[in-house]
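Q: Please find target-v3.csv (CSV, C-alpha atoms) on the next line:
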```
chain,number,residue,atom,x,y,z
A,1,MET,CA,0.0,0.0,0.0
A,2,ALA,CA,1.3,3.4,-0.9
A,3,GLU,CA,2.1,5.7,2.0
A,4,LYS,CA,0.9,9.3,2.1
A,5,LEU,CA,3.5,12.0,1.5
A,6,SER,CA,4.1,14.5,4.3
A,7,ALA,CA,3.5,18.2,3.9
A,8,GLU,CA,7.2,18.8,3.6
A,9,GLN,CA,7.6,16.2,0.9
A,10,THR,CA,4.7,17.6,-1.1
A,11,GLN,CA,6.2,21.1,-0.9
A,12,ARG,CA,9.6,19.8,-1.9
A,13,ILE,CA,8.0,18.0,-4.9
A,14,GLU,CA,6.2,21.1,-6.0
A,15,GLN,CA,9.5,23.1,-5.8
A,16,ILE,CA,11.4,20.5,-7.8
A,17,GLN,CA,8.6,20.4,-10.5
A,18,GLN,CA,8.9,24.2,-10.8
A,19,PHE,CA,12.7,23.8,-11.2
A,20,ILE,CA,12.1,21.2,-13.9
A,21,LYS,CA,9.8,23.6,-15.8
A,22,THR,CA,12.5,26.3,-15.7
A,23,VAL,CA,15.2,23.9,-16.9
A,24,GLU,CA,13.0,22.8,-19.8
A,25,HIS,CA,12.6,26.5,-20.7
A,26,VAL,CA,16.3,27.0,-20.5
A,27,GLN,CA,16.8,23.9,-22.7
A,28,GLY,CA,14.5,25.5,-25.3
A,29,LEU,CA,16.5,28.7,-25.1
A,30,VAL,CA,19.8,26.8,-25.7
A,31,ALA,CA,18.2,25.1,-28.7
A,32,GLN,CA,17.3,28.6,-30.0
A,33,LEU,CA,20.8,29.8,-29.4
A,34,GLU,CA,22.1,26.9,-31.4
A,35,ALA,CA,19.7,27.7,-34.3
A,36,ASN,CA,20.8,31.3,-34.2
A,37,ARG,CA,24.5,30.8,-33.9
A,38,ASN,CA,25.2,32.8,-37.0
A,39,GLN,CA,23.4,35.9,-35.9
A,40,ALA,CA,25.5,37.6,-33.3
A,41,LYS,CA,22.9,40.1,-32.0
A,42,SER,CA,20.2,37.5,-31.6
A,43,ALA,CA,22.6,35.0,-30.0
A,44,ASP,CA,23.7,37.7,-27.5
A,45,THR,CA,20.1,38.4,-26.5
A,46,ILE,CA,19.3,34.7,-26.1
A,47,CYS,CA,22.5,34.3,-23.9
A,48,HIS,CA,21.3,37.1,-21.6
A,49,SER,CA,17.8,35.4,-21.4
A,50,ILE,CA,19.5,32.1,-20.4
A,51,ALA,CA,21.6,33.9,-17.8
A,52,ARG,CA,18.6,35.6,-16.3
A,53,GLU,CA,16.6,32.4,-16.1
A,54,LEU,CA,19.5,30.5,-14.6
A,55,SER,CA,20.2,33.3,-12.1
A,56,GLN,CA,16.6,33.2,-10.9
A,57,LEU,CA,16.7,29.4,-10.7
A,58,ARG,CA,19.9,29.7,-8.6
A,59,HIS,CA,18.2,32.1,-6.2
A,60,ARG,CA,15.1,29.9,-5.8
A,61,ALA,CA,17.3,26.8,-5.3
A,62,VAL,CA,19.3,28.5,-2.6
A,63,ALA,CA,16.1,29.5,-0.9
A,64,ALA,CA,14.8,25.9,-1.1
A,65,ASN,CA,18.1,24.6,0.2
A,66,VAL,CA,19.0,22.6,-2.9
A,67,SER,CA,22.7,23.5,-3.1
A,68,VAL,CA,23.7,21.2,-6.0
A,69,ILE,CA,21.1,22.8,-8.3
A,70,ALA,CA,22.1,26.3,-7.1
A,71,ASP,CA,25.8,25.6,-7.8
A,72,VAL,CA,25.3,24.3,-11.3
A,73,ALA,CA,22.7,27.0,-12.2
A,74,GLY,CA,25.1,29.7,-10.9
A,75,ALA,CA,28.0,28.4,-12.9
A,76,MET,CA,25.9,28.1,-16.1
A,77,SER,CA,24.6,31.7,-15.6
A,78,VAL,CA,28.1,33.1,-15.5
A,79,LEU,CA,29.1,31.0,-18.5
A,80,ALA,CA,26.1,32.3,-20.5
A,81,THR,CA,27.2,35.9,-20.1
A,82,ARG,CA,30.9,35.4,-20.8
A,83,ALA,CA,32.4,36.3,-24.1
A,84,GLY,CA,34.1,33.6,-26.0
A,85,ASN,CA,33.6,30.9,-28.6
A,86,LEU,CA,29.9,30.4,-29.2
A,87,ASN,CA,30.2,26.8,-30.1
A,88,MET,CA,32.0,26.0,-26.8
A,89,LYS,CA,29.3,28.0,-25.0
A,90,ILE,CA,26.5,26.0,-26.6
A,91,ARG,CA,28.1,22.7,-25.9
A,92,THR,CA,28.8,23.6,-22.3
A,93,LEU,CA,25.3,24.9,-21.7
A,94,THR,CA,23.8,21.8,-23.3
A,95,ASP,CA,25.9,19.6,-20.9
A,96,GLY,CA,24.8,21.8,-18.0
A,97,VAL,CA,21.1,21.5,-18.8
A,98,ASN,CA,21.5,17.7,-19.0
A,99,ASN,CA,23.3,17.8,-15.7
A,100,LEU,CA,20.5,19.9,-14.1
A,101,LYS,CA,17.9,17.5,-15.4
A,102,ALA,CA,19.7,14.5,-14.0
A,103,GLN,CA,20.1,16.2,-10.6
A,104,LEU,CA,16.5,17.3,-10.5
A,105,ASP,CA,15.4,13.8,-11.4
A,106,HIS,CA,17.4,12.4,-8.6
A,107,ALA,CA,16.0,15.0,-6.2
A,108,LEU,CA,12.5,14.2,-7.2
A,109,THR,CA,13.1,10.5,-6.7
A,110,ALA,CA,14.5,11.2,-3.2
A,111,ALA,CA,11.5,13.5,-2.4
A,112,LEU,CA,9.0,10.8,-3.4
A,113,ARG,CA,10.6,8.2,-1.1
A,114,PRO,CA,8.6,7.7,2.1
A,115,GLU,CA,10.3,9.2,5.2
A,116,ARG,CA,11.7,6.6,7.5
A,117,LYS,CA,10.8,6.9,11.1
A,118,GLY,CA,13.6,5.9,13.4
A,119,PRO,CA,13.1,4.1,16.7
A,120,GLU,CA,11.6,6.3,19.5
A,121,GLN,CA,14.1,7.2,22.1
A,122,PRO,CA,12.8,6.9,25.7
A,123,ARG,CA,12.7,10.2,27.6
A,124,PRO,CA,14.6,10.2,30.9
```
Rewrite the structure of this file - the entire thing - as structure tokens.
A:
Amino acid sequence: MAEKLSAEQTQRIEQIQQFIKTVEHVQGLVAQLEANRNQAKSADTICHSIARELSQLRHRAVAANVSVIADVAGAMSVLATRAGNLNMKIRTLTDGVNNLKAQLDHALTAALRPERKGPEQPRP
């Protein structure tokens, strides 16, 4: 029989699902960046949009105490605004998005696990 989720688990699952939506949006922006790699002005605008989304994700992840997601999102945000080879930037952002998706999938799986209750300690 399936156990009910606690209120904390439900809240954590909702937060993670919001993070997943943001990462999917960023993934779409990275795909747009790859499609517009020959148009410098358009690519620059998309890079700033990616940086903004990832920065907001980082702040929400820090507030939700999901430090792994916050670290990856922060590093990707900085990378998106840096000047440099666009092909390298696209490749690194794609890898970062895949990493974020894997981390969020792991966090969602952990949040769905029922909480274990340890043995009660007798009070003196």
Q: I want to know what sits within 6 Å of stretch 42-58 of chain A, based on only C-alpha atoms, with residues of the same chain fewer than 4 positions away left out; could you give that as a list of chain:residue names?
A: A:Leu33, A:Asn36, A:Ala70, A:Ala73, A:Gly74, A:Ser77, A:Ala80
Q: Tell me, in Å to one decimal, how far atom CA of A:Gln32 is from atom CA of A:Ala64.
A: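 Distance between the two atoms: 29.1 Å.
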Q: Considering all atoms listed in the file, can you say which of A:Lys21, A:Lys101, A:Val26, A:Asn87 comes closest to A:Asn38?
A: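 Looking only at the distances to A:Asn38, the closest residue turns out to be A:Asn87.
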Q: Do you have the atom CA of A:Met88-atom CA of A:Val66 distance handy?
A: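 It comes out at 27.4 Å.
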Q: Considering only C-alpha atoms, give me a table of residues in stretch 3-31 of chain A that are at most 10 Å from stretch 90-96 of chain A, with the closest atom pair and distance in Å for each, as CSV.
A:
```
residue,atom,partner,partner_atom,distance
A:Val23,CA,A:Gly96,CA,9.9
A:Val26,CA,A:Leu93,CA,9.3
A:Gln27,CA,A:Thr94,CA,7.3
A:Val30,CA,A:Ile90,CA,6.8
A:Ala31,CA,A:Thr94,CA,8.5
```
Q: Could you tell me which of A:Ala111, A:Ala35, A:Leu100, A:Ala83 comes closest to A:Gln11 if we count only C-alpha atoms?
A: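 Of A:Ala111, A:Ala35, A:Leu100, A:Ala83, the one nearest A:Gln11, counting only C-alpha atoms, is A:Ala111.
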Q: Would you mind telling me which residue in A:Val97, A:Ser6, A:Ile13, A:Asp105 lies nearest to A:Val72 when using only C-alpha atoms?
A: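 So, comparing all the options, the nearest one is A:Val97.
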Q: Any idea what the distance is between atom CA of A:Glu24 and atom CA of A:Thr10?
A: 21.1 Å
Q: Given all atoms listed in the file as the basis, pick out the residue of A:Ala110, A:Ala40, A:Leu79, A:Ala102 nearest to A:Ile20.
A: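 For A:Ile20, the nearest of the given residues is A:Ala102.
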Q: Can you patch up stretch 50-73 of chain A, filling it in to N, CA and C atoms, and show the result as a PDB file, in the coordinates of the input?
A:
```pdb
ATOM      1  N   ILE A  50      19.088  33.377 -21.127  1.00  0.00           N
ATOM      2  CA  ILE A  50      19.500  32.100 -20.400  1.00  0.00           C
ATOM      3  C   ILE A  50      20.130  32.494 -19.095  1.00  0.00           C
ATOM      4  N   ALA A  51      20.988  33.504 -19.080  1.00  0.00           N
ATOM      5  CA  ALA A  51      21.600  33.900 -17.800  1.00  0.00           C
ATOM      6  C   ALA A  51      20.611  34.367 -16.800  1.00  0.00           C
ATOM      7  N   ARG A  52      19.617  35.128 -17.237  1.00  0.00           N
ATOM      8  CA  ARG A  52      18.600  35.600 -16.300  1.00  0.00           C
ATOM      9  C   ARG A  52      17.786  34.452 -15.722  1.00  0.00           C
ATOM     10  N   GLU A  53      17.355  33.517 -16.576  1.00  0.00           N
ATOM     11  CA  GLU A  53      16.600  32.400 -16.100  1.00  0.00           C
ATOM     12  C   GLU A  53      17.394  31.531 -15.118  1.00  0.00           C
ATOM     13  N   LEU A  54      18.658  31.299 -15.448  1.00  0.00           N
ATOM     14  CA  LEU A  54      19.500  30.500 -14.600  1.00  0.00           C
ATOM     15  C   LEU A  54      19.817  31.186 -13.257  1.00  0.00           C
ATOM     16  N   SER A  55      19.974  32.501 -13.307  1.00  0.00           N
ATOM     17  CA  SER A  55      20.200  33.300 -12.100  1.00  0.00           C
ATOM     18  C   SER A  55      19.000  33.183 -11.157  1.00  0.00           C
ATOM     19  N   GLN A  56      17.814  33.313 -11.733  1.00  0.00           N
ATOM     20  CA  GLN A  56      16.600  33.200 -10.900  1.00  0.00           C
ATOM     21  C   GLN A  56      16.442  31.781 -10.369  1.00  0.00           C
ATOM     22  N   LEU A  57      16.785  30.777 -11.182  1.00  0.00           N
ATOM     23  CA  LEU A  57      16.700  29.400 -10.700  1.00  0.00           C
ATOM     24  C   LEU A  57      17.717  29.203  -9.553  1.00  0.00           C
ATOM     25  N   ARG A  58      18.897  29.801  -9.669  1.00  0.00           N
ATOM     26  CA  ARG A  58      19.900  29.700  -8.600  1.00  0.00           C
ATOM     27  C   ARG A  58      19.356  30.284  -7.294  1.00  0.00           C
ATOM     28  N   HIS A  59      18.745  31.450  -7.377  1.00  0.00           N
ATOM     29  CA  HIS A  59      18.200  32.100  -6.200  1.00  0.00           C
ATOM     30  C   HIS A  59      17.099  31.257  -5.544  1.00  0.00           C
ATOM     31  N   ARG A  60      16.216  30.709  -6.366  1.00  0.00           N
ATOM     32  CA  ARG A  60      15.100  29.900  -5.800  1.00  0.00           C
ATOM     33  C   ARG A  60      15.687  28.579  -5.232  1.00  0.00           C
ATOM     34  N   ALA A  61      16.737  28.016  -5.846  1.00  0.00           N
ATOM     35  CA  ALA A  61      17.300  26.800  -5.300  1.00  0.00           C
ATOM     36  C   ALA A  61      18.045  27.042  -4.002  1.00  0.00           C
ATOM     37  N   VAL A  62      18.694  28.187  -3.875  1.00  0.00           N
ATOM     38  CA  VAL A  62      19.300  28.500  -2.600  1.00  0.00           C
ATOM     39  C   VAL A  62      18.273  28.683  -1.510  1.00  0.00           C
ATOM     40  N   ALA A  63      17.172  29.333  -1.847  1.00  0.00           N
ATOM     41  CA  ALA A  63      16.100  29.500  -0.900  1.00  0.00           C
ATOM     42  C   ALA A  63      15.455  28.190  -0.482  1.00  0.00           C
ATOM     43  N   ALA A  64      15.430  27.240  -1.418  1.00  0.00           N
ATOM     44  CA  ALA A  64      14.800  25.900  -1.100  1.00  0.00           C
ATOM     45  C   ALA A  64      15.842  24.947  -0.560  1.00  0.00           C
ATOM     46  N   ASN A  65      17.076  25.386  -0.363  1.00  0.00           N
ATOM     47  CA  ASN A  65      18.100  24.600   0.200  1.00  0.00           C
ATOM     48  C   ASN A  65      18.471  23.361  -0.663  1.00  0.00           C
ATOM     49  N   VAL A  66      18.571  23.610  -1.967  1.00  0.00           N
ATOM     50  CA  VAL A  66      19.000  22.600  -2.900  1.00  0.00           C
ATOM     51  C   VAL A  66      20.306  23.084  -3.514  1.00  0.00           C
ATOM     52  N   SER A  67      21.386  22.902  -2.769  1.00  0.00           N
ATOM     53  CA  SER A  67      22.700  23.500  -3.100  1.00  0.00           C
ATOM     54  C   SER A  67      23.276  23.021  -4.399  1.00  0.00           C
ATOM     55  N   VAL A  68      23.099  21.749  -4.728  1.00  0.00           N
ATOM     56  CA  VAL A  68      23.700  21.200  -6.000  1.00  0.00           C
ATOM     57  C   VAL A  68      23.109  21.923  -7.171  1.00  0.00           C
ATOM     58  N   ILE A  69      21.796  22.087  -7.184  1.00  0.00           N
ATOM     59  CA  ILE A  69      21.100  22.800  -8.300  1.00  0.00           C
ATOM     60  C   ILE A  69      21.581  24.225  -8.348  1.00  0.00           C
ATOM     61  N   ALA A  70      21.682  24.859  -7.194  1.00  0.00           N
ATOM     62  CA  ALA A  70      22.100  26.300  -7.100  1.00  0.00           C
ATOM     63  C   ALA A  70      23.514  26.435  -7.677  1.00  0.00           C
ATOM     64  N   ASP A  71      24.414  25.527  -7.338  1.00  0.00           N
ATOM     65  CA  ASP A  71      25.800  25.600  -7.800  1.00  0.00           C
ATOM     66  C   ASP A  71      25.887  25.490  -9.331  1.00  0.00           C
ATOM     67  N   VAL A  72      25.207  24.501  -9.867  1.00  0.00           N
ATOM     68  CA  VAL A  72      25.300  24.300 -11.300  1.00  0.00           C
ATOM     69  C   VAL A  72      24.598  25.433 -12.060  1.00  0.00           C
ATOM     70  N   ALA A  73      23.441  25.880 -11.580  1.00  0.00           N
ATOM     71  CA  ALA A  73      22.700  27.000 -12.200  1.00  0.00           C
ATOM     72  C   ALA A  73      23.572  28.272 -12.179  1.00  0.00           C
TER      73      ALA A  73
END
```
